[in-house]
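Structure file target-v1.txt (compact mmCIF, C-alpha atoms) is printed below.
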# COMPACT_ATOMS: atom_id res chain seq x y z
CA MET A 16 21.83 -2.63 -21.25
CA LYS A 17 19.21 -3.12 -18.54
CA ASN A 18 18.24 -0.01 -16.61
CA ILE A 19 17.45 -0.41 -12.92
CA ALA A 20 15.60 1.92 -10.57
CA ILE A 21 16.22 1.49 -6.85
CA PHE A 22 13.51 2.46 -4.35
CA ALA A 23 14.81 3.11 -0.83
CA SER A 24 13.59 4.89 2.30
CA GLY A 25 16.61 5.25 4.56
CA GLU A 26 20.35 5.04 4.95
CA GLY A 27 20.90 3.36 1.60
CA THR A 28 23.62 0.83 2.43
CA ASN A 29 22.03 -1.85 0.23
CA ALA A 30 21.45 0.68 -2.54
CA GLN A 31 25.11 1.76 -2.26
CA ASN A 32 26.22 -1.86 -2.48
CA ILE A 33 24.10 -2.40 -5.61
CA ILE A 34 25.36 0.84 -7.21
CA ASP A 35 28.97 -0.20 -6.50
CA TYR A 36 28.42 -3.75 -7.75
CA PHE A 37 27.09 -2.58 -11.14
CA SER A 38 29.28 0.52 -11.51
CA ARG A 39 31.46 -1.12 -14.17
CA SER A 40 28.84 -3.42 -15.67
CA GLU A 41 28.27 -3.38 -19.40
CA LYS A 42 24.89 -5.12 -18.98
CA VAL A 43 23.24 -3.32 -16.05
CA LYS A 44 23.01 0.39 -15.21
CA ILE A 45 21.56 1.93 -12.07
CA ALA A 46 19.59 4.64 -13.84
CA LEU A 47 17.49 6.11 -11.03
CA VAL A 48 17.12 6.15 -7.24
CA LEU A 49 13.70 7.00 -5.81
CA SER A 50 12.92 7.72 -2.18
CA ASN A 51 9.80 8.56 -0.21
CA LYS A 52 11.88 10.61 2.26
CA SER A 53 13.50 13.85 1.14
CA LYS A 54 16.16 13.61 3.89
CA ALA A 55 17.04 9.94 3.32
CA ASN A 56 20.80 9.41 3.10
CA VAL A 57 20.28 7.13 0.09
CA LEU A 58 19.74 10.31 -1.95
CA ASN A 59 23.19 11.61 -0.98
CA ARG A 60 24.73 8.25 -1.87
CA ALA A 61 23.03 8.30 -5.28
CA LYS A 62 24.11 11.87 -6.01
CA GLU A 63 27.68 11.01 -5.08
CA ALA A 64 27.53 8.12 -7.56
CA GLU A 65 26.02 10.48 -10.18
CA VAL A 66 22.74 8.55 -10.26
CA PRO A 67 19.65 10.73 -10.81
CA THR A 68 17.21 10.87 -7.89
CA VAL A 69 13.48 11.37 -7.47
CA ILE A 70 11.49 12.15 -4.31
CA ILE A 71 8.19 10.27 -4.24
CA ASP A 72 5.12 12.06 -2.89
CA ARG A 73 2.73 9.67 -1.10
CA LYS A 74 -0.47 11.02 -2.66
CA ALA A 75 1.00 11.03 -6.17
CA PHE A 76 2.46 7.54 -5.62
CA TYR A 77 -0.90 6.03 -4.76
CA ASP A 78 -3.37 8.24 -6.65
CA THR A 79 -1.60 8.97 -9.96
CA ASP A 80 0.61 7.28 -12.56
CA GLN A 81 3.37 9.86 -12.02
CA THR A 82 5.89 7.26 -10.73
CA ILE A 83 5.09 4.86 -13.57
CA GLU A 84 5.60 7.67 -16.09
CA LYS A 85 8.98 8.59 -14.52
CA LEU A 86 10.10 4.96 -14.65
CA LYS A 87 8.98 4.53 -18.26
CA SER A 88 10.59 7.80 -19.38
CA ALA A 89 13.87 6.57 -17.82
CA LYS A 90 13.42 3.29 -19.76
CA ILE A 91 13.55 1.26 -16.53
CA ASP A 92 13.63 -2.51 -17.04
CA LEU A 93 13.69 -3.58 -13.38
CA VAL A 94 12.66 -1.95 -10.11
CA VAL A 95 14.63 -3.00 -7.03
CA LEU A 96 13.30 -2.31 -3.54
CA ALA A 97 16.19 -1.86 -1.12
CA GLY A 98 14.69 -0.88 2.20
CA PHE A 99 11.57 0.75 0.76
CA LEU A 100 8.76 0.59 3.30
CA TRP A 101 5.63 1.52 1.35
CA LEU A 102 3.37 -1.10 -0.21
CA ILE A 103 3.72 -0.96 -3.98
CA PRO A 104 0.41 0.10 -5.59
CA GLU A 105 -1.36 -2.36 -7.87
CA SER A 106 -1.02 0.02 -10.84
CA LEU A 107 2.79 -0.08 -10.53
CA VAL A 108 2.85 -3.87 -10.11
CA LYS A 109 0.72 -4.20 -13.27
CA ALA A 110 2.90 -1.74 -15.21
CA PHE A 111 6.03 -3.78 -14.31
CA PRO A 112 4.84 -7.42 -14.06
CA ASN A 113 7.59 -9.63 -12.61
CA LYS A 114 9.92 -6.66 -12.94
CA ILE A 115 9.88 -5.46 -9.32
CA ILE A 116 11.99 -7.32 -6.78
CA ASN A 117 12.50 -6.92 -3.06
CA ILE A 118 14.80 -8.25 -0.38
CA HIS A 119 13.39 -9.35 2.97
CA PRO A 120 15.58 -9.94 6.07
CA ALA A 121 14.07 -13.34 6.94
CA LEU A 122 13.19 -16.65 5.34
CA LEU A 123 9.75 -16.03 3.90
CA PRO A 124 6.97 -16.97 4.31
CA LYS A 125 7.97 -16.70 7.99
CA TYR A 126 8.28 -13.21 9.52
CA GLY A 127 6.82 -11.32 6.57
CA GLY A 128 3.97 -8.88 6.15
CA LYS A 129 3.07 -5.36 7.24
CA GLY A 130 5.36 -4.02 9.96
CA MET A 131 7.91 -6.80 9.52
CA PHE A 132 11.05 -4.93 8.53
CA GLY A 133 14.48 -4.28 10.01
CA MET A 134 14.87 -4.90 13.73
CA ASN A 135 11.20 -5.87 14.07
CA VAL A 136 12.00 -9.00 12.06
CA HIS A 137 15.22 -9.82 13.93
CA LYS A 138 13.55 -9.40 17.34
CA ALA A 139 10.69 -11.70 16.29
CA VAL A 140 13.12 -14.34 14.99
CA ILE A 141 15.22 -14.27 18.19
CA GLU A 142 12.13 -14.31 20.45
CA ALA A 143 10.84 -17.38 18.58
CA LYS A 144 14.20 -19.10 19.31
CA GLU A 145 14.75 -19.94 15.65
CA LYS A 146 17.95 -21.82 14.83
CA GLU A 147 18.41 -20.07 11.48
CA SER A 148 17.31 -17.03 9.56
CA GLY A 149 18.43 -15.44 6.33
CA ILE A 150 17.32 -13.35 3.39
CA THR A 151 14.67 -13.82 0.75
CA VAL A 152 14.79 -12.11 -2.64
CA HIS A 153 11.33 -12.17 -4.21
CA PHE A 154 9.17 -10.65 -6.89
CA VAL A 155 6.73 -8.03 -5.64
CA ASN A 156 2.97 -8.36 -5.94
CA GLU A 157 0.13 -6.35 -4.38
CA LYS A 158 0.73 -7.76 -0.87
CA TYR A 159 3.67 -7.38 1.49
CA ASP A 160 6.24 -10.19 1.09
CA GLU A 161 4.01 -12.62 -0.81
CA GLY A 162 5.52 -12.56 -4.31
CA LYS A 163 7.27 -15.52 -5.91
CA ILE A 164 10.61 -16.32 -4.26
CA ILE A 165 13.71 -15.87 -6.43
CA ALA A 166 16.43 -16.87 -3.94
CA GLN A 167 16.98 -17.54 -0.24
CA HIS A 168 20.25 -17.61 1.70
CA ILE A 169 20.53 -18.91 5.24
CA CYS A 170 22.61 -18.06 8.30
CA LYS A 171 22.76 -19.91 11.61
CA ILE A 172 21.64 -18.24 14.82
CA GLY A 173 23.77 -18.83 17.90
CA GLU A 174 22.18 -19.46 21.31
CA ASN A 175 23.43 -16.11 22.60
CA ASP A 176 22.79 -14.06 19.45
CA THR A 177 20.96 -10.77 19.98
CA PRO A 178 18.73 -9.12 17.37
CA GLU A 179 21.64 -6.75 16.66
CA MET A 180 24.04 -9.66 16.08
CA LEU A 181 21.50 -11.31 13.76
CA ALA A 182 21.09 -8.02 11.91
CA GLN A 183 24.85 -8.03 11.17
CA LYS A 184 24.68 -11.57 9.79
CA ILE A 185 21.68 -10.64 7.64
CA HIS A 186 23.43 -7.51 6.30
CA GLN A 187 26.39 -9.64 5.23
CA LEU A 188 24.05 -11.97 3.31
CA GLU A 189 22.31 -8.98 1.72
CA TYR A 190 25.58 -7.41 0.58
CA GLU A 191 26.89 -10.67 -0.84
CA PHE A 192 23.79 -12.09 -2.50
CA PHE A 193 21.34 -9.29 -3.40
CA PRO A 194 23.41 -7.88 -6.30
CA LYS A 195 23.93 -11.42 -7.64
CA ALA A 196 20.17 -12.09 -7.54
CA ILE A 197 19.57 -8.82 -9.42
CA GLU A 198 22.18 -9.86 -11.98
CA ASP A 199 20.47 -13.26 -12.40
CA VAL A 200 17.05 -11.64 -12.90
CA THR A 201 18.34 -9.11 -15.45
CA GLY A 202 20.22 -11.88 -17.27
CA LYS A 203 16.95 -13.76 -17.76
CA MET A 204 15.09 -10.74 -19.13
CA GLY A 205 14.50 -10.60 -22.85
Please rewrite the model in this file as structure tokens.
Amino acid sequence: MKNIAIFASGEGTNAQNIIDYFSRSEKVKIALVLSNKSKANVLNRAKEAEVPTVIIDRKAFYDTDQTIEKLKSAKIDLVVLAGFLWLIPESLVKAFPNKIINIHPALLPKYGGKGMFGMNVHKAVIEAKEKESGITVHFVNEKYDEGKIIAQHICKIGENDTPEMLAQKIHQLEYEFFPKAIEDVTGKMG
């Protein structure tokens, strides 16, 4: 059994989708949900699914090994970022090498980096008059959106698509393909 910790900052729709996807799995268990926001709805979703939760304090996250210790005590095999907006500290990346993955709502390396999340990405893609966008699942390193790519899935952008319409297309790709990418990664772990 592979234990997964999900890091999320907001509503938690991707986290919910991942929890639901693995709820009956005999190979993968969502063992922990961590959030940097005490009022984030993802915490309610986790509690409803009977998944333990942890609130992350910014100072402790960056200046101590408290988060690493929590993950290790929960025997976490893989960390999944699902709408988590803080840069992962180098100490955490080193403690979980190639065991932290993220989803980005664009086709990296385009439209990545600090500040490129959510509607910021979709607006930039539409303003650039791109013909397609999509999602990128990638390993996390010490820099925003620069880790090795695991999978990409593409959607077409219509001439009259708005950032909100693109966001809907991207969410559909996330819901369909992110859990499968997680399953693939855990299946390749020793």
Open item on the list: Which residue is closest to Gly202 (chain A)? Choose from A:Leu93, A:Ile118, A:Ala182, A:Ala46 and count only C-alpha atoms.
Closed with: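 Distance minimum relative to Gly202 (chain A) lands on A:Leu93.
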- [ ] Kindly give the distance, in Å, that separates CA of Pro194 (chain A) and CA of Ser88 (chain A), rounded to a single decimal.
- [x]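 Calculated distance between CA of Pro194 (chain A) and CA of Ser88 (chain A) is 24.1 Å.
Minimum atom-to-atom distances from A:Ala196, A:Ile115, A:Leu181, A:Ile164 to Lys138 (chain A) were compared using only C-alpha atoms, and the lowest value belongs to A:Leu181.
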Open item on the list: Just to confirm, what's the straight-line distance from CA of Ala121 (chain A) to CA of Val57 (chain A) in Å (one decimal)?
Closed with: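 So the two atoms, CA of Ala121 (chain A) and CA of Val57 (chain A), lie 22.5 Å apart.
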TODO: For Asn135 (chain A), please output as a PyMOL selection string all residues within 12 Å (counting only C-alpha atoms; exclusion window: fewer than 2 positions along the same chain).
DONE: chain A and resi 119-121+126-133+137-142+178-179+181-182
N, CA and C atoms modelled onto region 68-89 of chain A, as a tab-separated table (two decimals), keeping the file's coordinate frame:
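Ended up saving to rebuild.tsv:
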chain	number	residue	atom	x	y	z
A	68	THR	N	18.11	11.21	-9.00
A	68	THR	CA	17.21	10.87	-7.89
A	68	THR	C	15.84	11.51	-8.08
A	69	VAL	N	14.86	10.87	-7.45
A	69	VAL	CA	13.48	11.37	-7.47
A	69	VAL	C	12.90	11.20	-6.07
A	70	ILE	N	12.22	12.24	-5.58
A	70	ILE	CA	11.49	12.15	-4.31
A	70	ILE	C	10.05	11.77	-4.66
A	71	ILE	N	9.54	10.75	-3.98
A	71	ILE	CA	8.19	10.27	-4.24
A	71	ILE	C	7.23	10.89	-3.22
A	72	ASP	N	6.19	11.52	-3.73
A	72	ASP	CA	5.12	12.06	-2.89
A	72	ASP	C	4.06	10.97	-2.68
A	73	ARG	N	3.65	10.76	-1.43
A	73	ARG	CA	2.73	9.67	-1.10
A	73	ARG	C	1.43	9.73	-1.90
A	74	LYS	N	0.81	10.90	-1.95
A	74	LYS	CA	-0.47	11.02	-2.66
A	74	LYS	C	-0.28	10.71	-4.14
A	75	ALA	N	0.74	11.28	-4.74
A	75	ALA	CA	1.00	11.03	-6.17
A	75	ALA	C	1.33	9.56	-6.42
A	76	PHE	N	2.06	8.95	-5.49
A	76	PHE	CA	2.46	7.54	-5.62
A	76	PHE	C	1.24	6.63	-5.69
A	77	TYR	N	0.27	6.90	-4.83
A	77	TYR	CA	-0.90	6.03	-4.76
A	77	TYR	C	-2.07	6.46	-5.64
A	78	ASP	N	-2.17	7.76	-5.95
A	78	ASP	CA	-3.37	8.24	-6.65
A	78	ASP	C	-3.13	8.62	-8.11
A	79	THR	N	-1.88	8.60	-8.56
A	79	THR	CA	-1.60	8.97	-9.96
A	79	THR	C	-0.63	7.95	-10.57
A	80	ASP	N	-0.38	8.12	-11.86
A	80	ASP	CA	0.61	7.28	-12.56
A	80	ASP	C	1.94	8.00	-12.72
A	81	GLN	N	2.16	9.04	-11.92
A	81	GLN	CA	3.37	9.86	-12.02
A	81	GLN	C	4.64	9.01	-11.89
A	82	THR	N	4.69	8.10	-10.93
A	82	THR	CA	5.89	7.26	-10.73
A	82	THR	C	6.08	6.33	-11.92
A	83	ILE	N	5.01	5.75	-12.40
A	83	ILE	CA	5.09	4.86	-13.57
A	83	ILE	C	5.65	5.63	-14.76
A	84	GLU	N	5.13	6.84	-14.97
A	84	GLU	CA	5.60	7.67	-16.09
A	84	GLU	C	7.09	7.99	-15.96
A	85	LYS	N	7.55	8.31	-14.73
A	85	LYS	CA	8.98	8.59	-14.52
A	85	LYS	C	9.82	7.37	-14.85
A	86	LEU	N	9.36	6.20	-14.39
A	86	LEU	CA	10.10	4.96	-14.65
A	86	LEU	C	10.15	4.66	-16.15
A	87	LYS	N	9.02	4.83	-16.82
A	87	LYS	CA	8.98	4.53	-18.26
A	87	LYS	C	9.81	5.53	-19.06
A	88	SER	N	9.79	6.80	-18.65
A	88	SER	CA	10.59	7.80	-19.38
A	88	SER	C	12.09	7.55	-19.18
A	89	ALA	N	12.46	6.93	-18.06
A	89	ALA	CA	13.87	6.57	-17.82
A	89	ALA	C	14.21	5.19	-18.41
